[in-house]
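Asks: Input: one structure, supplied below.
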Amino acid sequence: MKKFLSGLLAAFTAVSVCALASGCDDNIENGSKIEKCTVTFDVDGTEEAIDFKLYMNIAPNTIAHFKRLAGNNYYDNSQVSNVNKSIEFGAFDKDWNSLDEKYASIINANYVNSLSDKDIYTKKFTINGEFEDNGYKYEGTKLDLREGALVLKRGLKAVEGEDYLEAYDTGKGVMAVTFTDIDADDYVKDASKFAILGKVVQDDASGDVKSSYTRLKKILQDYKKNDAGEEFYYFSYEPDVADKDETVDLDKAIEKYGREYKKESDGDYYAKDANGGYTVKITSEDELGKIYIDAVTAGKKAYVSLRPVKTITIKSVTFSK
C-alpha cells in the first residue's frame, strides 16, 4: 500500500511540475513561454485572421514594443506595403501616408521615461530591440528567418551630431513575415536586419479552413502580379553619408515621376499620368529617368516595395495567452 501511495504521489508531483513549468507543454516551446498574436488582414474586402506564436522570453523588449503599438491601434487600417520576399506592414496608412506622426504620438518621451529600462530606446525613440547588431544572439534558440518568421524590421539610426542616417540596429514599427528560403536568399541570411518575435502557426487547420501559414502564403503569391504579369512598386529613399550630396537630383526625379510605378513583364518601367494610369515610360535616355532607374535597380539610395496588386490592410492586431 505504501509503495502504491508513494507511486501515486510521485505521479501527482510530476503532473504538477509539468503544469507549473509549461502548462503540460501547451505554453512552452523552443525554451520560451508562448503567447498568441492574431493579425486580421482585410484582403480586398475579405478578412483573414492569421495566428502567430510569440516567443515571450526570446524577444521581450521587441514584443513589448510591438504590443504597445498594437494596443494603441498603430497597425489598424495600415497598408500592407510589400509582398515581395515578405509581407510587410506598419509603414503606411490605407492612403499610403507615412505613419511617422502616429508612431511619435505613441512612442514618445512620456512613455519612454515611464520605463524602468529607458536604454532600450534611442533619443529618436527607435527601439534597441533584439537585433544581432546590438549584440543579441539567437544561437541555441532554434529560431531563424526561415519561412513564417514574424519580425520587426531594422531601421535607420540617426548619427550623433550629423544630418544623415546609418547603422541598421534599431527598429520602429514596420513588421514583416518572411517567406523565403534562408539558404538561398540574401534577404534573410543576415539576421541582424530583423528582431525575431515568433512564427506563424502552421498546425491550426480546421475543417475547410486552411492553416494560418497556408492562407498567409497564398496572399503573398496571389497579389504579387496582375493577370498581365505587371508588378507595382512604391519608391522611397533615405540619404546616408555615401549619397547625401546626390539627393537634389533624386528629388527632381521623384518630382517628375512620382513614387508609384509599375514594371511590366518586358522589364519597362512606367510612372503614373495625370489621370492615374501607368502610361509615362521611364527611360534612361532622359537624365532624370536614368537617375530614377539607377536608384531603383542599384538599391543604394532606394527602398523599393513591391505593392500588392489589390488592397490589403490590417484590420486589427490582438493578443491572448
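Please note that chains go A, B, ... in the order of the C-alpha cells, that every chain numbers its residues from 1, and that ligands are numbered from 1 in the order shown.
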Residues within 12 Å of segment 77-81 of chain A, please, as a PyMOL selection string. Count only C-alpha atoms; anything in the same chain fewer than 3 positions from it doesn't count.
Replies: chain A and resi 39-44+70+73-74+84-99+102+173-177+219-220+223-224+232-236+260+303-317
Asks: At a cut-off of 9 Å, can you tabulate as a Markdown table every residue of segment 194-303 of chain A near segment 145-148 of chain A together with its closest atom pair and the distance in Å to one decimal, using only C-alpha atoms and ordering rows by chain then number?
Replies:
```
| residue | atom | partner | partner_atom | distance |
| --- | --- | --- | --- | --- |
| A:Phe194 | CA | A:Leu145 | CA | 8.6 |
| A:Ile196 | CA | A:Leu145 | CA | 7.6 |
| A:Gly198 | CA | A:Gly148 | CA | 8.5 |
| A:Lys199 | CA | A:Gly148 | CA | 5.5 |
| A:Val200 | CA | A:Gly148 | CA | 5.2 |
| A:Val201 | CA | A:Gly148 | CA | 8.1 |
| A:Gln202 | CA | A:Gly148 | CA | 8.7 |
| A:Tyr213 | CA | A:Gly148 | CA | 6.8 |
| A:Leu216 | CA | A:Gly148 | CA | 8.9 |
| A:Lys217 | CA | A:Gly148 | CA | 8.5 |
```
Asks: Include N, CA and C atoms and write out the residues we just selected as a compact mmCIF listing (two decimals), in the first residue's frame.
Replies:
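Resulting contents of part.txt:
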```
# COMPACT_ATOMS: atom_id res chain seq x y z
N PHE A 194 16.78 41.99 -38.62
CA PHE A 194 15.47 41.74 -38.04
C PHE A 194 15.59 41.34 -36.56
N ILE A 196 13.52 38.84 -34.24
CA ILE A 196 12.53 37.78 -34.43
C ILE A 196 11.61 37.69 -33.22
N GLY A 198 8.49 35.75 -33.39
CA GLY A 198 7.80 34.47 -33.34
C GLY A 198 7.60 33.88 -34.72
N LYS A 199 6.62 32.99 -34.82
CA LYS A 199 6.36 32.27 -36.07
C LYS A 199 4.86 32.20 -36.34
N VAL A 200 4.49 32.17 -37.62
CA VAL A 200 3.11 31.97 -37.99
C VAL A 200 2.74 30.52 -37.69
N VAL A 201 1.53 30.32 -37.19
CA VAL A 201 1.08 28.98 -36.79
C VAL A 201 0.83 28.13 -38.04
N GLN A 202 1.35 26.90 -38.02
CA GLN A 202 1.20 26.02 -39.18
C GLN A 202 0.25 24.85 -38.95
N TYR A 213 -0.53 29.63 -41.77
CA TYR A 213 0.64 29.66 -42.64
C TYR A 213 0.23 29.56 -44.10
N LEU A 216 -1.73 32.72 -45.32
CA LEU A 216 -0.90 33.91 -45.46
C LEU A 216 0.04 33.80 -46.66
N LYS A 217 0.58 32.63 -46.88
CA LYS A 217 1.46 32.44 -48.03
C LYS A 217 0.69 32.60 -49.34
```
Asks: What does the distance from atom CA of Ile293 of chain A to atom CA of Leu152 of chain A come to in Å, to one decimal?
Replies: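 A separation of 28.6 Å between them.
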Asks: For atom CA of Ile127 of chain A and atom CA of Phe179 of chain A, determine how far apart the two atoms are, in Å to one decimal place.
Replies: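 That distance, rounded to one decimal, is 24.4 Å.
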Asks: Please, which residues of segment 95-133 of chain A, numbered as in this document, come out alpha helix (DSSP H) from DSSP, as a PyMOL selection string?
Replies: chain A and resi 100-106+109-113
Asks: Go ahead and write the selection's residues with C-alpha atoms as a compact mmCIF listing (two decimals), in the first residue's frame.
Replies:
```
# COMPACT_ATOMS: atom_id res chain seq x y z
CA ASP A 100 5.69 58.57 -38.51
CA GLU A 101 3.43 61.03 -36.68
CA LYS A 102 1.24 58.26 -35.32
CA TYR A 103 4.34 56.42 -34.11
CA ALA A 104 5.65 59.56 -32.38
CA SER A 105 2.33 60.01 -30.58
CA ILE A 106 2.63 56.51 -29.07
CA ALA A 109 9.33 60.86 -24.10
CA ASN A 110 6.48 60.36 -21.62
CA TYR A 111 6.25 56.66 -22.43
CA VAL A 112 9.99 56.03 -22.50
CA ASN A 113 10.55 57.90 -19.23
```
Asks: Could you give me, as a PyMOL selection string, the residues within 12 Å of Lys252 of chain A, counting only C-alpha atoms and dropping anything in the same chain fewer than 6 positions from it?
Replies: chain A and resi 246+258-259+287-292
Asks: How would the residues just picked look written out with C-alpha atoms as a PDB file, in the first residue's frame?
Replies:
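Generated file (part_25.pdb):
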```pdb
ATOM      1  CA  GLU A 246      23.013  63.417 -54.736  1.00  0.00           C
ATOM      2  CA  GLY A 258       6.267  60.324 -58.521  1.00  0.00           C
ATOM      3  CA  ARG A 259       6.824  57.443 -56.116  1.00  0.00           C
ATOM      4  CA  GLU A 287      18.698  62.310 -67.445  1.00  0.00           C
ATOM      5  CA  LEU A 288      16.171  62.209 -64.606  1.00  0.00           C
ATOM      6  CA  GLY A 289      14.899  58.843 -65.825  1.00  0.00           C
ATOM      7  CA  LYS A 290      18.408  57.433 -65.624  1.00  0.00           C
ATOM      8  CA  ILE A 291      18.791  58.716 -62.052  1.00  0.00           C
ATOM      9  CA  TYR A 292      15.457  57.158 -61.116  1.00  0.00           C
TER      10      TYR A 292
END
```
Asks: Restricting the calculation to only C-alpha atoms: of A:Thr122, A:Ser284, A:Asn134, A:Asn57, which residue gets closest to Ala253 of chain A?
Replies: A:Ser284
Asks: Provide the atom CA of Glu130 of chain A to atom CA of Gly71 of chain A distance in Å, to one decimal place.
Replies: 20.5 Å
Asks: Rank nothing, just name the residue among A:Asp208, A:Glu35, A:Glu47, A:Asp294 nearest to Ile63 of chain A, using only C-alpha atoms.
Replies: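 Going through A:Asp208, A:Glu35, A:Glu47, A:Asp294 one by one, the smallest distance to Ile63 of chain A is for A:Glu35.
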